[in-house]
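Asks: Sharing a structure with you now.
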Amino acid sequence: MLLSLTACGKVAEPVVYQLTPAREIALKASIQGQVKLIDGLPKNTNQRIDTGSNPFCAGHGQLVNPTWRISDTGGLADVVVSLNLSDRATNLADASPLVDQKHCEFVPYMTVLQPGQTLKLRNSDLTFHNIRVVRHEAGTLNGGVNLVNLAQPARGDENEYLFNEPGVYRLECDVHRWMKAWVYVGEGIYIAATDKDGRFEINRSLPDADYELTAWHPMFAEPVKKKITVSQGKAVANFNFSLLASLQR
């Protein structure tokens with residue numbers, strides 16, 4: 001489950017999860033839409049991060065808190081939209097998805113996977129990082145169970161971590177406490193994250209039928225759900241998240 005160096009720290013026991021057999025699922029745009037934030041803007045939108053006395057991190061310009069990324073028209077980034085289907089695909093990209101550490105930030109901030117995918121974790125900085133993988137506790141800002149610590153003392157260090165169990169996971173750096181990112185492992189392949197304008201596209205073919213679509217963002221205790229109908233292989237679904245229901249305003 002874990003390759004390379006593991007730092008000291010209490011970790012949870014590995015979970016044995018029975019994966020659904022994978023099959024080829026055609027790449028084809030099936031569900032598209034946009035997610036918006038309504039009822040105001042959070043106080044920490046575009047908040048600057050205090051890097052303290054760390055000369056390396058401070059030397060790359062001002063870091064901005066990535067918790068809320070909202071477009072000028074209210075589009076909400078980093079929302080995960082998924083179908084509660086356990087279908088897994090065999091036809092994936094050859095390279096494992098990558099979360100890099102650049103200029104003392106995790107890039108990207110939100111990653112979506114299907115169960116059974118391996119995530120590559122890299123340190124591209126000339127400074128020490130220590131990645132903590134946490135199974136996130138739903139309905140909280142920072143609750144959860146520590147799964148593993150990965151020490152990456154040098155530039156170019158890499159680890160791989162296999163995510164078998166659906167759920168939400170946090171990546172944190174023990175050295176630079178402002179560093180955080182999210183990994184959302186869906187029930188299957190029907191999953192996507194919104195871009196900087198709040199737009200998403202689930203790019204796997206779907207048979208015509210009625211489905212329930214779920215939209216989740218880390219600053220909300222409860223996801224937003226919507227019934228949709230796929231007709232001729234396509235559907236459009238738009239969501240609104242109210243700031244009044246968020247964990248952090």
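If you're wondering about the labels, chains in the structure tokens are A, B, ... by order shown, residues count from 1 in each chain, ligands from 1 in order shown.
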Which residues of segment 152-204 of chain A come within 12 Å of segment 224-238 of chain A, and for each one, what is the closest pair of atoms and their distance in Å to one decimal, counting only C-alpha atoms, sorted by chain and residue number, as a Markdown table?

Replies:
```
| residue | atom | partner | partner_atom | distance |
| --- | --- | --- | --- | --- |
| A:Thr194 | CA | A:Asn238 | CA | 11.3 |
| A:Gly198 | CA | A:Asn238 | CA | 9.7 |
| A:Arg199 | CA | A:Asn238 | CA | 8.9 |
| A:Phe200 | CA | A:Asn238 | CA | 9.5 |
| A:Glu201 | CA | A:Val236 | CA | 9.4 |
| A:Ile202 | CA | A:Lys234 | CA | 9.9 |
| A:Asn203 | CA | A:Lys234 | CA | 10.2 |
| A:Arg204 | CA | A:Gly233 | CA | 9.7 |
```

Asks: Just the selected residues (C-alpha atoms), exported as a PDB file, in the first residue's frame, please.

Replies:
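Done, and the output landed in out_25.pdb:
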```
ATOM      1  CA  THR A 194     -15.002  21.880 -10.818  1.00  0.00           C
ATOM      2  CA  GLY A 198     -17.028  26.278 -11.175  1.00  0.00           C
ATOM      3  CA  ARG A 199     -17.573  24.162 -14.287  1.00  0.00           C
ATOM      4  CA  PHE A 200     -17.322  20.377 -14.442  1.00  0.00           C
ATOM      5  CA  GLU A 201     -17.642  17.548 -16.926  1.00  0.00           C
ATOM      6  CA  ILE A 202     -17.997  13.851 -16.193  1.00  0.00           C
ATOM      7  CA  ASN A 203     -16.338  12.317 -19.215  1.00  0.00           C
ATOM      8  CA  ARG A 204     -17.479   8.689 -19.160  1.00  0.00           C
TER       9      ARG A 204
END
```

Asks: Could you give me the residues within segment 7-187 of chain A that DSSP places in alpha helix (DSSP H), as a compact mmCIF listing (two decimals) with C-alpha atoms, in the first residue's frame?

Replies:
```
# COMPACT_ATOMS: atom_id res chain seq x y z
CA PRO A 55 12.97 31.99 3.81
CA PHE A 56 12.36 29.44 1.07
CA CYS A 57 8.57 29.62 1.21
CA ALA A 58 8.56 33.42 1.56
```

Asks: In Å, with one decimal, what is the gap from atom CA of Pro21 of chain A to atom CA of Leu113 of chain A?

Replies: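 Rounded to one decimal, the two atoms are 15.7 Å apart.
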
Asks: Which residues of segment 195-246 of chain A sit at most 9 Å from segment 39-51 of chain A, using only C-alpha atoms? Give each one's shortest atom pair and distance in Å (one decimal place), in chain and ascending residue order, as CSV.

Replies:
```
residue,atom,partner,partner_atom,distance
A:Phe241,CA,A:Asp39,CA,8.6
A:Ser242,CA,A:Asp39,CA,5.7
A:Leu243,CA,A:Asp39,CA,5.6
A:Leu244,CA,A:Asp39,CA,6.7
```

Asks: Just to be explicit: take each residue in the selection above, keep N, CA and C atoms, and write the result as an mmCIF file, in the first residue's frame.

Replies:
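File produced: part-v7.cif:
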```
data_model
loop_
_atom_site.group_PDB
_atom_site.id
_atom_site.type_symbol
_atom_site.label_atom_id
_atom_site.label_comp_id
_atom_site.auth_asym_id
_atom_site.auth_seq_id
_atom_site.Cartn_x
_atom_site.Cartn_y
_atom_site.Cartn_z
ATOM 1 N N PHE A 241 -24.360 26.357 -3.819
ATOM 2 C CA PHE A 241 -24.014 26.172 -2.414
ATOM 3 C C PHE A 241 -24.234 27.514 -1.710
ATOM 4 N N SER A 242 -24.963 27.490 -0.608
ATOM 5 C CA SER A 242 -25.205 28.706 0.153
ATOM 6 C C SER A 242 -24.119 28.889 1.213
ATOM 7 N N LEU A 243 -23.520 30.051 1.233
ATOM 8 C CA LEU A 243 -22.517 30.346 2.253
ATOM 9 C C LEU A 243 -23.087 30.199 3.655
ATOM 10 N N LEU A 244 -24.370 30.431 3.813
ATOM 11 C CA LEU A 244 -25.013 30.349 5.122
ATOM 12 C C LEU A 244 -24.960 28.937 5.709
#
```

Asks: Within 7 Å of segment 76-92 of chain A, counting only C-alpha atoms, which residues show up once you throw out same-chain ones fewer than 6 positions away? Write them as an MDAnalysis selection string, please.

Replies: chainID A and resid 20:25 35:37 69:70 110 114 186:198 212:217

Asks: Selected residues, C-alpha atoms, written as a PDB file, in the first residue's frame, please.

Replies:
```pdb
ATOM      1  CA  THR A  20     -15.678  -3.805  -8.023  1.00  0.00           C
ATOM      2  CA  PRO A  21     -14.102  -5.507 -11.083  1.00  0.00           C
ATOM      3  CA  ALA A  22     -13.032  -2.856 -13.593  1.00  0.00           C
ATOM      4  CA  ARG A  23     -14.041  -2.760 -17.254  1.00  0.00           C
ATOM      5  CA  GLU A  24     -13.520  -0.486 -20.231  1.00  0.00           C
ATOM      6  CA  ILE A  25     -15.844   2.528 -20.078  1.00  0.00           C
ATOM      7  CA  VAL A  35     -21.494  25.088  -9.356  1.00  0.00           C
ATOM      8  CA  LYS A  36     -21.919  28.516  -7.788  1.00  0.00           C
ATOM      9  CA  LEU A  37     -21.598  29.976  -4.290  1.00  0.00           C
ATOM     10  CA  ARG A  69     -11.607  29.761  -5.010  1.00  0.00           C
ATOM     11  CA  ILE A  70     -14.497  31.756  -6.419  1.00  0.00           C
ATOM     12  CA  MET A 110      -8.301  18.930  -5.235  1.00  0.00           C
ATOM     13  CA  GLN A 114     -11.615   6.016  -8.607  1.00  0.00           C
ATOM     14  CA  GLY A 186     -15.450   8.239  -5.490  1.00  0.00           C
ATOM     15  CA  GLU A 187     -17.526   5.091  -5.607  1.00  0.00           C
ATOM     16  CA  GLY A 188     -16.348   4.604  -9.193  1.00  0.00           C
ATOM     17  CA  ILE A 189     -15.167   6.427 -12.309  1.00  0.00           C
ATOM     18  CA  TYR A 190     -18.119   8.823 -12.618  1.00  0.00           C
ATOM     19  CA  ILE A 191     -16.518  11.771 -10.850  1.00  0.00           C
ATOM     20  CA  ALA A 192     -15.113  15.215 -11.633  1.00  0.00           C
ATOM     21  CA  ALA A 193     -13.942  18.388  -9.861  1.00  0.00           C
ATOM     22  CA  THR A 194     -15.002  21.880 -10.818  1.00  0.00           C
ATOM     23  CA  ASP A 195     -12.460  24.226 -12.407  1.00  0.00           C
ATOM     24  CA  LYS A 196     -11.698  27.851 -11.529  1.00  0.00           C
ATOM     25  CA  ASP A 197     -15.036  28.922 -13.028  1.00  0.00           C
ATOM     26  CA  GLY A 198     -17.028  26.278 -11.175  1.00  0.00           C
ATOM     27  CA  GLU A 212     -28.738  11.018  -8.357  1.00  0.00           C
ATOM     28  CA  LEU A 213     -25.798  13.394  -8.632  1.00  0.00           C
ATOM     29  CA  THR A 214     -23.877  14.581  -5.563  1.00  0.00           C
ATOM     30  CA  ALA A 215     -21.829  17.786  -5.251  1.00  0.00           C
ATOM     31  CA  TRP A 216     -19.387  18.104  -2.316  1.00  0.00           C
ATOM     32  CA  HIS A 217     -17.045  20.864  -1.153  1.00  0.00           C
TER      33      HIS A 217
END
```

Asks: Quick one: of A:Asn240, A:Thr73, A:Gln117, A:Asn142, who's nearest to Leu171 of chain A, counting only C-alpha atoms?

Replies: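 So, comparing all the options, the nearest one is A:Asn142.
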
Asks: Enumerate the residues of segment 8-235 of chain A with a DSSP assignment of strand (DSSP E), computed from the backbone, and present them as a ChimeraX atom specification.

Replies: /A:22-23,27-38,80-83,88-89,98-102,105-107,110-113,117-123,129-136,144-152,158-163,167-173,180-185,191-193,199-204,209-216,224-230,235

Asks: Take the residues just selected and output them with C-alpha atoms as a compact mmCIF listing (two decimals), in the first residue's frame.

Replies:
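Generated file (out_29.txt):
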```
# COMPACT_ATOMS: atom_id res chain seq x y z
CA ALA A 22 -13.03 -2.86 -13.59
CA ARG A 23 -14.04 -2.76 -17.25
CA LEU A 27 -14.44 8.34 -22.75
CA LYS A 28 -17.43 10.47 -23.66
CA ALA A 29 -18.84 13.65 -22.13
CA SER A 30 -22.02 12.65 -20.33
CA ILE A 31 -22.82 15.18 -17.58
CA GLN A 32 -21.86 18.84 -17.61
CA GLY A 33 -22.70 21.80 -15.43
CA GLN A 34 -21.60 24.57 -13.12
CA VAL A 35 -21.49 25.09 -9.36
CA LYS A 36 -21.92 28.52 -7.79
CA LEU A 37 -21.60 29.98 -4.29
CA ILE A 38 -24.53 32.19 -3.29
CA VAL A 80 -16.46 17.24 -6.44
CA VAL A 81 -19.43 16.06 -8.47
CA SER A 82 -20.09 12.33 -8.62
CA LEU A 83 -22.60 9.57 -9.25
CA ARG A 88 -14.54 1.28 -12.33
CA ALA A 89 -12.69 1.81 -15.60
CA LEU A 98 0.28 13.55 -9.35
CA VAL A 99 0.09 15.90 -6.39
CA ASP A 100 3.22 18.02 -6.33
CA GLN A 101 4.64 20.35 -3.71
CA LYS A 102 5.74 23.56 -5.39
CA GLU A 105 1.83 24.59 -1.80
CA PHE A 106 0.14 21.36 -2.83
CA VAL A 107 -0.70 21.34 -6.54
CA MET A 110 -8.30 18.93 -5.24
CA THR A 111 -7.73 15.51 -6.80
CA VAL A 112 -10.40 12.95 -7.71
CA LEU A 113 -9.74 9.23 -8.07
CA GLN A 117 -5.91 4.20 -8.20
CA THR A 118 -2.44 5.10 -7.02
CA LEU A 119 -1.54 8.72 -6.33
CA LYS A 120 2.00 9.94 -6.84
CA LEU A 121 3.24 12.48 -4.28
CA ARG A 122 6.30 14.56 -5.12
CA ASN A 123 8.49 17.21 -3.49
CA HIS A 129 8.28 18.39 3.48
CA ASN A 130 6.47 15.71 5.48
CA ILE A 131 3.13 14.62 4.03
CA ARG A 132 0.41 13.39 6.34
CA VAL A 133 -2.41 11.40 4.71
CA VAL A 134 -5.60 11.70 6.78
CA ARG A 135 -8.94 9.95 6.28
CA HIS A 136 -11.23 12.95 6.71
CA GLY A 144 -10.05 12.47 10.88
CA VAL A 145 -7.70 9.52 11.27
CA ASN A 146 -4.02 9.69 10.36
CA LEU A 147 -3.14 6.94 7.87
CA VAL A 148 0.53 7.54 7.19
CA ASN A 149 3.34 10.11 7.30
CA LEU A 150 5.66 10.38 4.31
CA ALA A 151 8.97 12.17 4.85
CA GLN A 152 10.32 13.91 1.74
CA GLU A 158 8.49 10.79 -4.45
CA ASN A 159 6.07 8.39 -2.79
CA GLU A 160 3.08 6.49 -4.10
CA TYR A 161 -0.06 5.77 -2.12
CA LEU A 162 -2.84 3.40 -3.13
CA PHE A 163 -6.39 4.57 -2.41
CA GLY A 167 -14.04 8.56 0.87
CA VAL A 168 -12.45 11.93 1.51
CA TYR A 169 -8.79 12.29 2.40
CA ARG A 170 -6.63 15.26 3.40
CA LEU A 171 -3.00 15.86 2.58
CA GLU A 172 -1.16 18.01 5.10
CA CYS A 173 2.46 19.02 5.60
CA LYS A 180 -3.35 21.32 2.74
CA ALA A 181 -4.92 19.51 -0.20
CA TRP A 182 -7.80 17.10 -0.76
CA VAL A 183 -8.18 13.69 -2.37
CA TYR A 184 -11.72 12.50 -3.08
CA VAL A 185 -12.05 8.81 -3.91
CA ILE A 191 -16.52 11.77 -10.85
CA ALA A 192 -15.11 15.21 -11.63
CA ALA A 193 -13.94 18.39 -9.86
CA ARG A 199 -17.57 24.16 -14.29
CA PHE A 200 -17.32 20.38 -14.44
CA GLU A 201 -17.64 17.55 -16.93
CA ILE A 202 -18.00 13.85 -16.19
CA ASN A 203 -16.34 12.32 -19.22
CA ARG A 204 -17.48 8.69 -19.16
CA ALA A 209 -31.64 6.56 -17.12
CA ASP A 210 -32.45 8.56 -13.98
CA TYR A 211 -29.57 9.14 -11.56
CA GLU A 212 -28.74 11.02 -8.36
CA LEU A 213 -25.80 13.39 -8.63
CA THR A 214 -23.88 14.58 -5.56
CA ALA A 215 -21.83 17.79 -5.25
CA TRP A 216 -19.39 18.10 -2.32
CA VAL A 224 -25.89 18.98 -2.35
CA LYS A 225 -27.81 16.30 -4.26
CA LYS A 226 -29.86 16.48 -7.40
CA LYS A 227 -31.92 14.06 -9.48
CA ILE A 228 -30.99 14.07 -13.16
CA THR A 229 -32.09 12.29 -16.31
CA VAL A 230 -29.52 11.23 -18.89
CA ALA A 235 -27.38 15.65 -19.08
```

Asks: May I ask which of the residues A:Ala138, A:Ala26, A:Leu126, A:Val175 is the closest one to Glu222 of chain A, counting only C-alpha atoms?

Replies: A:Ala138

Asks: Which one of A:Ser96, A:Asn54, A:Thr67, A:Asn164 sits closest to Pro218 of chain A if you count only C-alpha atoms?

Replies: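 Between A:Ser96, A:Asn54, A:Thr67, A:Asn164, the residue approaching Pro218 of chain A most closely is A:Thr67.
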
Asks: Work out how far atom CA of Gly139 of chain A is from atom CA of Asp174 of chain A, in Å to one decimal.

Replies: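 A separation of 22.7 Å between them.
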
Asks: Mind giving me the straight-line distance from atom CA of Asn65 of chain A to atom CA of Asp157 of chain A in Å, one decimal?

Replies: 24.9 Å
